file coords_3.csv (CSV, C-alpha atoms)
chain,number,residue,atom,x,y,z
B,1,MET,CA,0.0,0.0,0.0
B,2,SER,CA,1.4,3.4,-1.0
B,3,GLN,CA,2.1,5.9,1.7
B,4,THR,CA,1.5,9.6,1.5
B,5,ALA,CA,4.5,11.6,2.7
B,6,ALA,CA,3.8,13.2,6.1
B,7,PRO,CA,3.7,17.0,5.9
B,8,GLY,CA,6.6,18.8,7.6
B,9,GLY,CA,6.9,22.1,9.4
B,10,PRO,CA,9.0,24.0,11.9
B,11,ALA,CA,9.4,23.5,15.6
B,12,TYR,CA,10.2,26.4,17.9
B,13,ARG,CA,9.3,28.1,21.2
B,14,ALA,CA,6.5,30.5,21.7
B,15,LEU,CA,5.9,32.8,24.7
B,16,ALA,CA,2.8,34.3,26.1
B,17,LEU,CA,4.5,37.3,27.8
B,18,GLN,CA,2.6,38.2,30.9
B,19,THR,CA,3.5,41.8,31.3
B,20,ARG,CA,1.7,44.6,33.2
B,21,THR,CA,-0.5,47.1,31.5
B,22,ARG,CA,-0.1,50.8,32.4
B,23,ALA,CA,-3.5,52.4,31.7
B,24,VAL,CA,-3.5,55.9,30.2
B,25,ASN,CA,-6.9,57.0,31.4
B,26,GLY,CA,-7.0,60.5,32.9
B,27,LEU,CA,-3.7,61.6,31.2
B,28,ALA,CA,-3.3,64.4,28.8
B,29,PRO,CA,-2.7,63.2,25.2
B,30,ASP,CA,1.0,64.0,25.3
B,31,GLU,CA,1.4,62.3,28.6
B,32,ALA,CA,-0.5,59.2,27.3
B,33,ARG,CA,1.8,59.0,24.3
B,34,GLU,CA,4.9,59.2,26.5
B,35,THR,CA,3.5,56.5,28.8
B,36,MET,CA,2.9,54.2,25.8
B,37,ALA,CA,6.4,54.8,24.5
B,38,ALA,CA,7.8,53.9,27.9
B,39,SER,CA,5.7,50.7,27.9
B,40,ILE,CA,7.1,49.7,24.6
B,41,ALA,CA,10.6,50.3,25.8
B,42,ARG,CA,9.9,48.2,28.9
B,43,ILE,CA,8.3,45.4,26.8
B,44,GLY,CA,11.3,45.5,24.5
B,45,GLY,CA,13.6,44.8,27.5
B,46,GLU,CA,11.4,42.0,28.6
B,47,VAL,CA,11.4,40.4,25.2
B,48,ALA,CA,15.2,40.6,25.1
B,49,ALA,CA,15.4,39.0,28.6
B,50,ALA,CA,12.9,36.4,27.6
B,51,LYS,CA,14.9,35.4,24.7
B,52,ARG,CA,17.9,34.8,26.9
B,53,TRP,CA,15.7,32.9,29.4
B,54,VAL,CA,14.0,30.7,26.8
B,55,GLY,CA,16.7,30.4,24.3
B,56,PRO,CA,17.5,31.3,20.7
B,57,ASP,CA,14.6,29.2,19.3
B,58,LEU,CA,12.1,31.7,20.8
B,59,ARG,CA,10.4,32.8,17.6
B,60,LEU,CA,6.9,34.0,18.6
B,61,VAL,CA,6.0,36.4,21.4
B,62,VAL,CA,2.3,37.2,22.1
B,63,LEU,CA,1.4,40.3,24.3
B,64,PRO,CA,-1.7,40.9,26.3
B,65,GLU,CA,-4.8,42.8,25.1
B,66,TYR,CA,-4.5,46.6,24.9
B,67,VAL,CA,-1.2,46.3,26.6
B,68,LEU,CA,0.0,49.9,25.8
B,69,SER,CA,-3.1,51.8,27.0
B,70,GLY,CA,-5.7,49.8,29.0
B,71,PHE,CA,-9.3,50.3,27.9
B,72,PRO,CA,-11.5,53.4,27.7
B,73,MET,CA,-13.6,54.1,30.8
B,74,GLY,CA,-16.1,56.6,29.6
B,75,GLU,CA,-13.7,58.6,27.4
B,76,PRO,CA,-15.5,59.8,24.2
B,77,ILE,CA,-14.4,58.2,21.0
B,78,GLU,CA,-12.6,61.3,19.8
B,79,ARG,CA,-10.7,61.7,23.1
B,80,TRP,CA,-9.6,58.1,23.2
B,81,SER,CA,-8.5,58.2,19.6
B,82,GLU,CA,-6.3,61.2,20.4
B,83,MET,CA,-4.7,59.8,23.5
B,84,ALA,CA,-4.5,56.1,23.0
B,85,ALA,CA,-5.2,54.9,19.4
B,86,LEU,CA,-2.2,54.0,17.2
B,87,ALA,CA,-1.9,55.2,13.7
B,88,PRO,CA,-1.0,52.4,11.2
B,89,GLY,CA,2.7,53.1,10.4
B,90,GLY,CA,2.9,55.5,13.3
B,91,PRO,CA,5.6,55.8,16.0
B,92,GLU,CA,4.3,53.1,18.3
B,93,TYR,CA,4.2,50.6,15.5
B,94,GLU,CA,7.7,51.6,14.4
B,95,ALA,CA,8.9,51.1,18.0
B,96,LEU,CA,7.3,47.7,18.2
B,97,ALA,CA,8.7,46.7,14.8
B,98,ALA,CA,12.2,47.6,16.2
B,99,VAL,CA,11.7,45.2,19.1
B,100,ALA,CA,10.6,42.4,16.7
B,101,SER,CA,13.6,43.1,14.4
B,102,ARG,CA,16.2,43.4,17.1
B,103,GLU,CA,15.1,40.2,18.9
B,104,GLU,CA,14.4,38.3,15.7
B,105,VAL,CA,10.9,37.3,16.8
B,106,PHE,CA,7.4,37.4,15.4
B,107,LEU,CA,5.7,39.8,17.8
B,108,SER,CA,1.9,39.7,18.2
B,109,GLY,CA,-0.2,42.2,20.2
B,110,ASN,CA,-3.3,44.2,20.4
B,111,ALA,CA,-4.1,48.0,20.5
B,112,TYR,CA,-6.7,50.5,19.6
B,113,GLU,CA,-6.1,51.8,16.1
B,114,THR,CA,-7.3,54.6,13.9
B,115,ASP,CA,-8.0,54.4,10.2
B,116,PRO,CA,-7.8,57.4,7.9
B,117,ASN,CA,-10.7,55.9,5.9
B,118,PHE,CA,-13.0,56.1,8.9
B,119,PRO,CA,-12.4,59.4,10.6
B,120,GLY,CA,-14.0,59.7,14.0
B,121,LEU,CA,-13.7,56.0,14.7
B,122,TYR,CA,-11.1,53.6,16.1
B,123,PHE,CA,-10.9,49.8,15.9
B,124,GLN,CA,-9.4,47.4,18.3
B,125,ALA,CA,-6.7,45.7,16.2
B,126,SER,CA,-4.6,42.6,16.7
B,127,PHE,CA,-1.3,42.4,14.8
B,128,VAL,CA,1.7,40.3,14.0
B,129,ILE,CA,5.1,41.9,13.2
B,130,ASP,CA,7.7,39.7,11.6
B,131,PRO,CA,11.5,39.7,12.3
B,132,ALA,CA,12.0,42.1,9.4
B,133,GLY,CA,9.8,44.6,11.2
B,134,GLU,CA,6.9,44.3,8.8
B,135,VAL,CA,3.3,44.1,9.9
B,136,VAL,CA,2.3,40.8,8.2
B,137,LEU,CA,-1.1,40.6,9.8
B,138,ARG,CA,-3.7,43.2,11.0
B,139,TYR,CA,-7.0,42.0,12.3
B,140,ARG,CA,-9.7,44.4,13.5
B,141,ARG,CA,-11.9,42.9,16.2
B,142,LEU,CA,-15.4,42.0,14.9
B,143,HIS,CA,-17.1,41.2,18.2
B,144,SER,CA,-17.1,44.2,20.6
B,145,LEU,CA,-19.8,45.5,22.8
B,146,TYR,CA,-18.7,49.1,23.3
B,147,SER,CA,-16.0,49.7,20.6
B,148,PRO,CA,-16.7,50.1,16.9
B,149,SER,CA,-15.9,47.2,14.6
B,150,PRO,CA,-15.7,46.7,10.9
B,151,TYR,CA,-19.1,45.1,11.0
B,152,ASP,CA,-20.6,48.5,12.1
B,153,VAL,CA,-19.4,50.0,8.8
B,154,TRP,CA,-19.5,46.8,6.9
B,155,ASP,CA,-20.3,47.7,3.3
B,156,ARG,CA,-17.7,50.5,3.2
B,157,TYR,CA,-15.2,48.3,4.9
B,158,LEU,CA,-15.6,45.5,2.4
B,159,ASP,CA,-15.4,47.9,-0.5
B,160,LEU,CA,-12.1,49.3,0.8
B,161,TYR,CA,-10.4,46.2,2.1
B,162,GLY,CA,-12.2,43.0,0.9
B,163,VAL,CA,-13.1,40.0,3.0
B,164,ASP,CA,-9.5,38.6,3.1
B,165,ALA,CA,-8.6,41.6,5.2
B,166,VAL,CA,-11.5,40.8,7.6
B,167,PHE,CA,-10.2,37.3,8.2
B,168,PRO,CA,-6.4,37.5,7.7
B,169,VAL,CA,-4.1,34.6,8.1
B,170,ALA,CA,-0.3,35.2,7.8
B,171,ARG,CA,1.6,32.4,6.2
B,172,THR,CA,5.0,32.6,7.7
B,173,GLU,CA,8.1,30.5,8.2
B,174,ILE,CA,6.9,29.5,11.7
B,175,GLY,CA,3.4,28.4,10.4
B,176,ASN,CA,0.1,30.0,9.6
B,177,LEU,CA,-0.8,32.6,12.2
B,178,ALA,CA,-4.1,34.2,13.1
B,179,CYS,CA,-5.1,36.6,15.8
B,180,ILE,CA,-8.1,36.4,18.2
B,181,ALA,CA,-8.8,39.2,20.6
B,182,SER,CA,-9.9,38.6,24.1
B,183,GLU,CA,-13.5,37.5,24.4
B,184,GLU,CA,-13.6,36.5,20.8
B,185,ILE,CA,-12.2,33.2,21.9
B,186,LEU,CA,-15.9,32.6,22.9
B,187,TYR,CA,-17.1,32.8,19.3
B,188,PRO,CA,-16.4,29.4,17.6
B,189,GLU,CA,-17.3,30.8,14.1
B,190,LEU,CA,-14.4,33.2,14.1
B,191,ALA,CA,-11.7,30.6,15.0
B,192,ARG,CA,-13.2,28.1,12.5
B,193,ALA,CA,-13.1,30.7,9.7
B,194,PHE,CA,-9.4,31.3,10.4
B,195,ALA,CA,-8.8,27.5,10.6
B,196,LEU,CA,-10.5,26.9,7.3
B,197,ARG,CA,-8.3,29.6,5.8
B,198,GLY,CA,-5.3,27.6,7.1
B,199,ALA,CA,-4.5,29.1,10.5
B,200,GLU,CA,-2.4,26.8,12.7
B,201,VAL,CA,-1.6,29.0,15.6
B,202,PHE,CA,-4.1,31.4,17.3
B,203,CYS,CA,-2.4,34.4,18.9
B,204,HIS,CA,-4.8,35.3,21.7
B,205,SER,CA,-4.2,38.6,23.3
B,206,THR,CA,-6.5,38.9,26.4
B,207,SER,CA,-7.0,40.9,29.6
B,208,GLU,CA,-9.3,38.9,31.8
B,209,VAL,CA,-10.2,37.7,35.2
B,210,THR,CA,-8.6,34.4,36.2
B,211,SER,CA,-10.0,31.9,38.7
B,212,PRO,CA,-9.2,28.4,40.1
B,213,ALA,CA,-12.6,27.4,38.6
B,214,PRO,CA,-12.8,27.2,34.7
B,215,THR,CA,-13.9,30.6,33.3
B,216,PRO,CA,-15.8,30.9,30.1
B,217,LYS,CA,-12.7,32.1,28.2
B,218,GLU,CA,-10.7,29.1,29.6
B,219,ILE,CA,-13.3,26.7,28.3
B,220,GLY,CA,-13.3,28.6,25.0
B,221,ARG,CA,-9.5,28.3,24.6
B,222,ARG,CA,-9.6,24.5,25.0
B,223,ALA,CA,-12.6,24.2,22.7
B,224,ARG,CA,-11.1,26.3,20.0
B,225,ALA,CA,-7.9,24.3,20.1
B,226,VAL,CA,-9.7,21.0,19.9
B,227,GLU,CA,-12.3,22.0,17.3
B,228,ASN,CA,-9.7,23.4,14.9
B,229,LEU,CA,-6.6,21.2,15.7
B,230,ALA,CA,-4.7,24.5,16.4
B,231,TYR,CA,-2.3,25.8,19.0
B,232,VAL,CA,-3.5,28.6,21.2
B,233,VAL,CA,-0.9,31.1,22.6
B,234,SER,CA,-2.9,33.1,25.1
B,235,ALA,CA,-1.2,36.1,26.9
B,236,ASN,CA,-3.1,37.7,29.8
B,237,SER,CA,-2.1,40.9,31.6
B,238,GLY,CA,0.4,40.7,34.4
B,239,GLY,CA,-1.6,43.3,36.3
B,240,LEU,CA,-3.6,46.4,35.3
B,241,HIS,CA,-2.3,49.7,36.8
B,242,GLY,CA,-3.3,53.3,36.7
B,243,ILE,CA,-7.1,53.0,37.2
B,244,PRO,CA,-9.2,52.4,40.3
B,245,ILE,CA,-9.8,48.7,39.4
B,246,PRO,CA,-7.5,46.6,41.6
B,247,GLY,CA,-4.4,45.8,39.6
B,248,ASP,CA,-4.5,42.0,40.0
B,249,SER,CA,-8.1,41.7,38.8
B,250,THR,CA,-6.6,40.8,35.4
B,251,SER,CA,-3.4,38.9,36.2
B,252,GLY,CA,-2.2,35.4,35.6
B,253,GLY,CA,-3.2,32.4,33.7
B,254,SER,CA,-1.3,33.1,30.4
B,255,LYS,CA,-0.9,29.7,28.7
B,256,ILE,CA,-0.1,27.7,25.6
B,257,LEU,CA,-2.4,24.9,24.5
B,258,ASP,CA,-1.6,22.3,21.9
B,259,PHE,CA,-3.9,21.1,19.1
B,260,GLU,CA,-5.6,18.5,21.3
B,261,GLY,CA,-6.5,21.1,23.9
B,262,ARG,CA,-3.8,20.2,26.4
B,263,VAL,CA,-2.3,22.9,28.5
B,264,LEU,CA,1.4,22.8,27.8
B,265,VAL,CA,2.4,25.6,30.3
B,266,GLU,CA,0.6,28.1,32.4
B,267,ALA,CA,1.8,31.2,34.4
B,268,GLY,CA,0.8,32.2,37.9
B,269,GLY,CA,0.0,35.7,38.8
B,270,GLY,CA,2.0,38.8,38.2
B,271,GLU,CA,4.5,39.6,35.5
B,272,SER,CA,6.1,36.4,34.1
B,273,VAL,CA,8.0,34.9,31.2
B,274,VAL,CA,7.3,31.3,32.3
B,275,ALA,CA,4.4,30.7,29.8
B,276,TYR,CA,6.6,29.3,27.0
B,277,ALA,CA,6.4,26.0,25.2
B,278,GLU,CA,7.4,24.2,21.9
B,279,ILE,CA,5.1,24.7,18.9
B,280,ASP,CA,5.5,21.7,16.6
B,281,ILE,CA,3.9,22.6,13.3
B,282,ALA,CA,4.9,19.3,11.7
B,283,ALA,CA,3.0,17.3,14.4
B,284,LEU,CA,0.0,19.6,13.9
B,285,ARG,CA,0.1,19.0,10.2
B,286,ARG,CA,0.4,15.3,10.6
B,287,ASN,CA,-2.7,15.3,12.8
B,288,ARG,CA,-4.7,17.4,10.3
B,289,ALA,CA,-3.7,15.0,7.6
B,290,ARG,CA,-4.7,11.9,9.6
B,291,PRO,CA,-8.1,10.4,8.9
B,292,GLY,CA,-10.2,9.5,12.0
B,293,MET,CA,-13.0,10.7,14.2
B,294,GLY,CA,-10.7,13.2,16.0
B,295,ASN,CA,-10.0,15.1,12.8
B,296,LEU,CA,-12.9,17.5,13.5
B,297,LEU,CA,-11.7,20.1,11.1
B,298,SER,CA,-12.1,17.7,8.1
B,299,ARG,CA,-15.7,16.9,9.2
B,300,VAL,CA,-17.3,20.3,9.3
B,301,LYS,CA,-20.2,21.2,7.0
B,302,PRO,CA,-19.9,24.9,6.2
B,303,GLY,CA,-22.6,25.0,3.6
B,304,LEU,CA,-25.1,23.5,6.1
B,305,TRP,CA,-24.4,26.1,8.7
B,306,ALA,CA,-24.2,29.0,6.3
B,307,GLU,CA,-27.8,28.2,5.2
B,308,GLU,CA,-29.0,27.8,8.7
B,309,TYR,CA,-27.3,31.0,10.0
B,310,ALA,CA,-28.7,33.0,7.2
B,311,ARG,CA,-32.2,32.3,8.5
B,312,HIS,CA,-31.6,34.3,11.7
B,313,ASP,CA,-31.6,38.0,12.3
B,314,VAL,CA,-29.5,39.0,15.3
B,315,GLU,CA,-26.9,41.8,15.2
B,316,ARG,CA,-27.1,43.7,12.0
B,317,PRO,CA,-24.3,45.3,10.0
B,318,ASN,CA,-23.7,49.0,9.1
B,319,GLY,CA,-25.2,50.2,12.5
B,320,LEU,CA,-22.9,53.2,12.6
B,321,ASP,CA,-23.8,54.5,9.1
B,322,GLY,CA,-24.2,58.2,9.9
B,323,ARG,CA,-24.5,57.6,13.6
B,324,PRO,CA,-22.1,58.7,16.4
B,325,PRO,CA,-20.5,55.7,18.1
B,326,GLU,CA,-21.7,56.6,21.6
B,327,ARG,CA,-22.1,54.1,24.5
B,328,SER,CA,-25.8,54.6,24.5
B,329,TRP,CA,-25.9,53.5,20.9
B,330,SER,CA,-24.1,50.3,21.8
B,331,ALA,CA,-26.6,49.6,24.6
B,332,ARG,CA,-29.5,50.1,22.2
B,333,ARG,CA,-27.9,47.9,19.6
B,334,GLN,CA,-27.6,45.0,22.1
B,335,GLN,CA,-31.1,45.4,23.3
B,336,GLU,CA,-32.4,45.3,19.8
B,337,SER,CA,-30.4,42.1,19.2
B,338,ILE,CA,-31.8,40.5,22.4
B,339,ASP,CA,-35.3,41.4,21.3
B,340,ARG,CA,-34.8,39.7,17.9
B,341,VAL,CA,-33.3,36.6,19.5
B,342,THR,CA,-36.0,36.3,22.2
B,343,GLY,CA,-39.0,37.7,20.4

call {"tool": "encode", "arguments": {"input": "coords_3.csv", "output": "structure tokens"}}
result
Amino acid sequence: MSQTAAPGGPAYRALALQTRTRAVNGLAPDEARETMAASIARIGGEVAAAKRWVGPDLRLVVLPEYVLSGFPMGEPIERWSEMAALAPGGPEYEALAAVASREEVFLSGNAYETDPNFPGLYFQASFVIDPAGEVVLRYRRLHSLYSPSPYDVWDRYLDLYGVDAVFPVARTEIGNLACIASEEILYPELARAFALRGAEVFCHSTSEVTSPAPTPKEIGRRARAVENLAYVVSANSGGLHGIPIPGDSTSGGSKILDFEGRVLVEAGGGESVVAYAEIDIAALRRNRARPGMGNLLSRVKPGLWAEEYARHDVERPNGLDGRPPERSWSARRQQESIDRVTG
């Protein structure tokens, strides 16, 4: 009986860098930018130290959600854009690119981001910067309760960027990477869309409450890994400072899961570089190529679910067409969706 050659792939170390977040709420715009620059410099030093700690085969570093700024706490969209949102190609991205290039790593993170095509808005963006300092992936979060998303300006966004930019997968020398932001790990459709586009490693930037009991996001991480035969590199905050919320409310639990949902490593509380493990892309590809009941990715029925999903009217696109993105609008949008689901 003839044998099909097993697919190969790289093996390397990845790190979920559990670093603290210094919030910029309450600062003047210039002070906020200086604080974010100082955070990048600190993170750069931590990445350099981590490479010495882990070893030269450290190739992927994932940072926590909104690690440079924290999250808005009532600041108007215009104000938060001025003080905390990054411009594509701006100084913050240049400084992050310098870290990736200097340490020869793929650097993934998450930040609020402006777009000249959508003045007056920001998006929460996850990114991957390669060792050459190039942004090889930019994903704008699609599920967000209080921040604008591409879905809120859907028609214009698709006209400008196309659907491939909505669901980006970066094909790199360390495997096919995709980014999932925070609570989006709870939405199986998003991870499945990335996996069907070839994603092998989910870079999950998060800032979340941890608990000895399984949290929804913890269950989501394991489920997304198993469902899609994918690695999950999940970086949580190592403390959130500069706002009244107690700093350790979002601290600890950064981890790496393999493509069978096993936790390979997990960090305790506080800042830490211990959440690193080997990513074996060849092993993942062998499992994806192996027939059997466990190959869930090969057994999905996208056409079936596309037809069923199309029957249901929940959250609608283009909600911000001509409307200010105020918090009250977000609340009305959710209530309207609840009414459609429960009515």

call {"tool": "closest_residue", "arguments": {"input": "coords_3.csv", "among": "B:Phe106, B:Tyr187, B:Tyr309, B:Tyr146", "to": "B:Ala132", "atoms": "only C-alpha atoms"}}
result
B:Phe106

call {"tool": "closest_residue", "arguments": {"input": "coords_3.csv", "among": "B:Ser330, B:Thr250, B:Ser147, B:Ser211", "to": "B:Leu121", "atoms": "all atoms listed in the file"}}
result
B:Ser147

call {"tool": "atom_distance", "arguments": {"input": "coords_3.csv", "atom1": "atom CA of B:Pro302", "atom2": "atom CA of B:Arg197"}}
result
12.5 Å

call {"tool": "residues_near_point", "arguments": {"input": "coords_3.csv", "point": "(-0.3, 49.7, 28.0)", "cutoff": "9 Å", "atoms": "all atoms listed in the file", "output": "PyMOL selection string"}}
result
chain B and resi 20-24+35-36+39-40+65-70+111+240

call {"tool": "closest_residue", "arguments": {"input": "coords_3.csv", "among": "B:Pro325, B:Pro291, B:Gly238, B:Pro317", "to": "B:Pro119", "atoms": "all atoms listed in the file"}}
result
B:Pro325
